[in-house]
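So the structure is just underneath, and the comments pick up after that.
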Amino acid sequence: MQSYVQLEIIVVVDGPDAETVRVLQGINDERLRVIVLDENAGGSEARNAGVRAACGGWVAFLDDDDTWVADKLEKQMEACASSQVKYPVISSRVVAHASDGGRILPRRLYSPGVEMADYLFCRRSFSYDDGMLQTSTLLTRRSLLLEVPFQRGLKRYQDWDWLLKIAGRPDVEIVMVPEALTFVRIAGRGESVSQAADWKTSLGWAKLARPRMSAKAYSFFIATECVPRARKCKVGLGTQISLLWECLRRGRPSFMQMTLFFTFCVVPDDIRRSLRSRRARAVSIREWREHHRI
């Protein structure tokens with residue numbers, strides 16, 4: 001339950017799903033509306049359908065495997081009230097649960113004026129959790145979402161694509177509440193759509209989004225998104241060279257980017273997972289100690 005009670009709840013079922021509909025029909029809450037799409041349209045169009053059906057002036061998203069803390073909407077609406085622009089976009093940190101434990105993400109809050117692609121893609125370490133604006137944290141005006149809907153047909157990067165389109169507009173302000181207000185599950189990410197080893201889809205999206213990325217951000221994306229997926233596909237040396245050429249030709253790689261590029265090309269996945277897991281445990285322990293002031 002949310003402490004902010006003036007809301008409607010729209011559940012969009014992405015394609016026929018009799019069991020899900022049956023369970024939802026058993027919920028006795030007049031605020032709940034269920035929309036069942038005729039066919040599976042993907043995450044972008046499911047969100048767009050919910051936005052079009054909404055009656056309120058503000059929309060927040062919640063994926064089916066995520067949850068909000070009780071005062072999530074209340075705190076975000078307070079942040080909206082403090083904004084001076086037409087379209088505030090409010091996010092927050094998340095508590096991410098994975099097989100190696102839970103931790104608070106992202107490590108860096110978004111700062112006004114920072115290029116969105118630089119914040120999302122330009123890592124300061126080998127970890128992916130430097131910058132993040134997770135979909136289930138987002139709250140903004142319905143009118144903005146009608147004006148700039150999620151791009152239909154994208155297999156992945158729907159949230160990044162939308163954020164790159166709206167960031168930098170003079171009538172948009174992106175604000176991150178520093179608390180973790182959403183719980184997300186990242187266990188089994190290797191099997192999810194967003195983590196599928198389809199490097200060509202990732203590269204194709206990056207090329208289309210290149211006008212909204214700095215050269216530095218583009219190089220980071222190639223190194224940290226395309227190269228790991230290509231490795232999972234067991235591509236040959238020729239593909240790795242072509243990705244390196246794309247990184248050099250249309251990007252501006254630094255030492256850090258090239259280190260990441262060759263790390264993902266050479267270091268086996270199990271070794272990288274082990275190192276990432278150790279670091280995650282260390283971060284979790286440090287955050288717990290800081291919270292309890294040990």
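To be explicit about the labels: the chains of the structure tokens are called A, B, and onward in the order shown, and within each one the residues are counted from 1, while ligands get numbers from 1 in the order they are shown.
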| task | as number ranges by chain, list the residues of region 116-252 of chain A assigned to helix (DSSP H, G or I) by DSSP on the backbone atoms of this structure. | result | A: 116-121, 135-137, 142-147, 158-166, 189-191, 193-195, 199-212, 215-232, 237-250
| said: So that I can see what lies close to Lys72 (chain A), please list as a PyMOL selection string the residues with an atom at most 10 Å from it, counting only C-alpha atoms and leaving out residues fewer than 6 positions away in the same chain. | reply: chain A and resi 2-4+91-92+137+177+179-182
Write out, as a PDB file, in the first residue's frame, the residues just selected, with N, CA and C atoms.
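Final file, again_9.pdb:
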```pdb
ATOM      1  N   GLN A   2       0.394   2.291  -0.674  1.00  0.00           N
ATOM      2  CA  GLN A   2       1.110   3.553  -0.732  1.00  0.00           C
ATOM      3  C   GLN A   2       0.499   4.576   0.216  1.00  0.00           C
ATOM      4  N   SER A   3       1.357   5.368   0.869  1.00  0.00           N
ATOM      5  CA  SER A   3       0.859   6.435   1.736  1.00  0.00           C
ATOM      6  C   SER A   3       0.178   7.528   0.923  1.00  0.00           C
ATOM      7  N   TYR A   4       0.542   7.655  -0.337  1.00  0.00           N
ATOM      8  CA  TYR A   4      -0.123   8.593  -1.255  1.00  0.00           C
ATOM      9  C   TYR A   4      -1.336   7.866  -1.831  1.00  0.00           C
ATOM     10  N   SER A  91      13.199  10.270 -10.141  1.00  0.00           N
ATOM     11  CA  SER A  91      13.686   8.906  -9.987  1.00  0.00           C
ATOM     12  C   SER A  91      14.156   8.718  -8.543  1.00  0.00           C
ATOM     13  N   SER A  92      14.808   7.600  -8.278  1.00  0.00           N
ATOM     14  CA  SER A  92      15.353   7.339  -6.943  1.00  0.00           C
ATOM     15  C   SER A  92      16.377   6.226  -7.049  1.00  0.00           C
ATOM     16  N   THR A 137      11.421   3.275 -11.082  1.00  0.00           N
ATOM     17  CA  THR A 137      11.593   4.437 -10.204  1.00  0.00           C
ATOM     18  C   THR A 137      11.001   5.707 -10.812  1.00  0.00           C
ATOM     19  N   VAL A 177      15.674  11.272  -6.090  1.00  0.00           N
ATOM     20  CA  VAL A 177      15.548  11.224  -4.640  1.00  0.00           C
ATOM     21  C   VAL A 177      16.652  10.307  -4.120  1.00  0.00           C
ATOM     22  N   GLU A 179      17.072   8.498  -1.477  1.00  0.00           N
ATOM     23  CA  GLU A 179      16.718   7.246  -0.818  1.00  0.00           C
ATOM     24  C   GLU A 179      16.431   6.148  -1.840  1.00  0.00           C
ATOM     25  N   ALA A 180      16.571   4.904  -1.395  1.00  0.00           N
ATOM     26  CA  ALA A 180      16.175   3.754  -2.205  1.00  0.00           C
ATOM     27  C   ALA A 180      14.688   3.517  -1.971  1.00  0.00           C
ATOM     28  N   LEU A 181      13.854   3.782  -2.984  1.00  0.00           N
ATOM     29  CA  LEU A 181      12.403   3.711  -2.841  1.00  0.00           C
ATOM     30  C   LEU A 181      11.774   2.546  -3.604  1.00  0.00           C
ATOM     31  N   THR A 182      12.594   1.775  -4.299  1.00  0.00           N
ATOM     32  CA  THR A 182      12.092   0.663  -5.108  1.00  0.00           C
ATOM     33  C   THR A 182      12.977  -0.559  -4.903  1.00  0.00           C
TER      34      THR A 182
END
```
| query | Given the choices A:Ala70, A:Leu163, A:Lys86, A:Ser111, which gets closest to Val5 (chain A) if the distance is worked out from only C-alpha atoms? | reply |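 Closest residue, counting only C-alpha atoms: A:Ala70.
Straight-line separation from CA of Gln151 (chain A) to CA of Phe220 (chain A): 22.7 Å.
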| said: Using only C-alpha atoms, which protein or nucleic acid residues come within 7 Å of Phe61 (chain A)? Drop anything in the same chain fewer than 3 positions from it, and give the result as JSON, numbers by chain. | reply: {"A": [135, 136, 137, 138, 139]}
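Considering the residues A:Arg123, A:Val172, A:Cys80, A:Trp162 and counting only C-alpha atoms, Thr259 (chain A) has its shortest atom-to-atom contact with A:Arg123.
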| Of the listed residues A:Ile186, A:Met77, A:Val114, A:Val13, that which approaches Ala96 (chain A) most closely, counting only C-alpha atoms |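 Looking at the shortest contact to Ala96 (chain A), the residue is A:Ile186.
Using only C-alpha atoms, the smallest distance between any of A:Gln84, A:Ala117, A:Asp171, A:Ile10 and Asp64 (chain A) comes from A:Ile10.
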| query | Hey, what's within 12 Å of Val235 (chain A) if we count only C-alpha atoms and toss same-chain stuff fewer than 5 positions away? As a list of chain:residue names, please? | reply |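 What passes the distance filter is A:Ala197, A:Asp198, A:Trp199, A:Lys200, A:Cys226, A:Val227, A:Pro228, A:Arg229, A:Ala230, A:Gln240, A:Ile241, A:Ser242, A:Leu243, A:Cys265.
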Select from region 9-257 of chain A everything DSSP, run on the backbone, classes as strand (DSSP E or B), then give the selection as a tab-separated table (two decimals) with C-alpha atoms, in the first residue's frame.
```
chain	number	residue	atom	x	y	z
A	9	ILE	CA	-3.80	1.50	-10.58
A	10	ILE	CA	-3.65	0.39	-14.20
A	11	VAL	CA	-2.32	-3.09	-14.90
A	12	VAL	CA	-1.47	-3.73	-18.54
A	13	VAL	CA	-1.35	-7.42	-19.44
A	32	LEU	CA	-7.74	-1.00	-10.11
A	33	ARG	CA	-8.24	-1.20	-13.87
A	34	VAL	CA	-6.96	-4.04	-16.04
A	35	ILE	CA	-6.10	-3.65	-19.71
A	36	VAL	CA	-5.39	-6.78	-21.73
A	58	TRP	CA	1.05	12.04	-13.21
A	59	VAL	CA	2.26	8.54	-14.13
A	60	ALA	CA	4.66	6.21	-12.34
A	67	THR	CA	8.00	-3.37	-5.61
A	68	TRP	CA	7.81	0.12	-4.10
A	87	TYR	CA	8.08	18.46	-16.78
A	88	PRO	CA	9.89	17.14	-13.71
A	89	VAL	CA	11.05	13.53	-14.08
A	90	ILE	CA	11.61	12.01	-10.64
A	91	SER	CA	13.69	8.91	-9.99
A	92	SER	CA	15.35	7.34	-6.94
A	93	ARG	CA	17.87	4.76	-5.88
A	94	VAL	CA	16.86	1.10	-5.74
A	95	VAL	CA	17.56	-1.90	-3.52
A	96	ALA	CA	18.73	-4.55	-5.98
A	97	HIS	CA	18.39	-8.20	-4.94
A	98	ALA	CA	20.59	-10.74	-6.70
A	101	GLY	CA	23.11	-10.43	-2.07
A	102	GLY	CA	21.37	-7.09	-2.04
A	103	ARG	CA	22.85	-3.65	-2.54
A	104	ILE	CA	21.79	-0.06	-3.08
A	105	LEU	CA	22.13	1.27	-6.64
A	139	LEU	CA	7.46	9.36	-12.18
A	140	THR	CA	6.52	12.25	-14.48
A	141	ARG	CA	3.62	14.08	-16.08
A	172	VAL	CA	12.46	18.92	-18.37
A	173	GLU	CA	14.23	18.51	-15.04
A	174	ILE	CA	15.49	15.11	-13.92
A	175	VAL	CA	15.67	14.71	-10.14
A	176	MET	CA	16.86	11.70	-8.16
A	177	VAL	CA	15.55	11.22	-4.64
A	178	PRO	CA	18.61	9.94	-2.74
A	179	GLU	CA	16.72	7.25	-0.82
A	180	ALA	CA	16.18	3.75	-2.21
A	181	LEU	CA	12.40	3.71	-2.84
A	182	THR	CA	12.09	0.66	-5.11
A	183	PHE	CA	13.07	-2.99	-4.74
A	184	VAL	CA	14.21	-4.69	-7.95
A	185	ARG	CA	15.29	-8.24	-8.67
```
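Picture a line from CA of Phe121 (chain A) to CA of Ser44 (chain A); it runs 21.0 Å.
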Report as a Markdown table the residues of region 204-275 of chain A within 10 Å of region 154-161 of chain A, each with its shortest atom pair and distance in Å (one decimal), using only C-alpha atoms, ordered by chain and increasing residue number.
```
| residue | atom | partner | partner_atom | distance |
| --- | --- | --- | --- | --- |
| A:Trp205 | CA | A:Tyr157 | CA | 8.1 |
| A:Ala206 | CA | A:Asp161 | CA | 9.5 |
| A:Leu208 | CA | A:Asp161 | CA | 9.8 |
| A:Ala209 | CA | A:Asp161 | CA | 7.4 |
| A:Arg212 | CA | A:Asp161 | CA | 9.4 |
```
| Residue among A:Cys122, A:Val85, A:Trp245, A:Arg250 lying closest to Pro170 (chain A), counting only C-alpha atoms |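 Of A:Cys122, A:Val85, A:Trp245, A:Arg250, the one nearest Pro170 (chain A) is A:Val85, counting only C-alpha atoms.
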| task | Within 9 Å of Pro149 (chain A), counting only C-alpha atoms, which residues show up once you throw out same-chain ones fewer than 4 positions away? Write them as a list in words, please. | result |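 With the cut-off at 9 Å, the set is Ser44, Glu45, Arg47, Asn48, Val51, Leu144, Leu145 and Trp162 of chain A.
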Expected file: the selected residues, C-alpha atoms, as a PDB file, in the first residue's frame:
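Output below, filename again18.pdb:
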```pdb
ATOM      1  CA  SER A  44       7.310  -0.068 -24.596  1.00  0.00           C
ATOM      2  CA  GLU A  45       3.815  -0.368 -26.021  1.00  0.00           C
ATOM      3  CA  ARG A  47       3.632   1.226 -20.933  1.00  0.00           C
ATOM      4  CA  ASN A  48       2.245   3.498 -23.662  1.00  0.00           C
ATOM      5  CA  VAL A  51      -0.313   6.042 -20.166  1.00  0.00           C
ATOM      6  CA  LEU A 144       5.188  14.396 -21.359  1.00  0.00           C
ATOM      7  CA  LEU A 145       4.715  10.655 -21.882  1.00  0.00           C
ATOM      8  CA  TRP A 162      13.249   7.498 -23.679  1.00  0.00           C
TER       9      TRP A 162
END
```
| field | Gap from CA of Phe264 (chain A) to CA of Ser219 (chain A) - Å, one decimal | value |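 Calculated distance between CA of Phe264 (chain A) and CA of Ser219 (chain A) is 13.6 Å.
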| remark: The residue from A:Gly26, A:Gly153, A:Gly113, A:Gly251 with the smallest atom-to-atom distance to Ala46 (chain A), counting only C-alpha atoms, is A:Gly153
| query | Met116 (chain A): which residues within 8 Å, counting only C-alpha atoms, same-chain residues fewer than 2 positions away excluded, as a ChimeraX atom specification? | reply | /A:114,118-120,163-164,167-168
Would you put the residues from that selection into a file with C-alpha atoms, as a compact mmCIF listing (two decimals), in the first residue's frame?
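See part.txt below for the written result:
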```txt
# COMPACT_ATOMS: atom_id res chain seq x y z
CA VAL A 114 25.19 16.19 -16.84
CA ASP A 118 27.49 10.20 -20.04
CA TYR A 119 25.72 9.49 -16.75
CA LEU A 120 24.28 6.18 -17.91
CA LEU A 163 15.62 9.20 -21.25
CA LEU A 164 18.01 10.21 -24.04
CA ALA A 167 17.02 14.78 -21.28
CA GLY A 168 18.41 18.20 -22.11
```
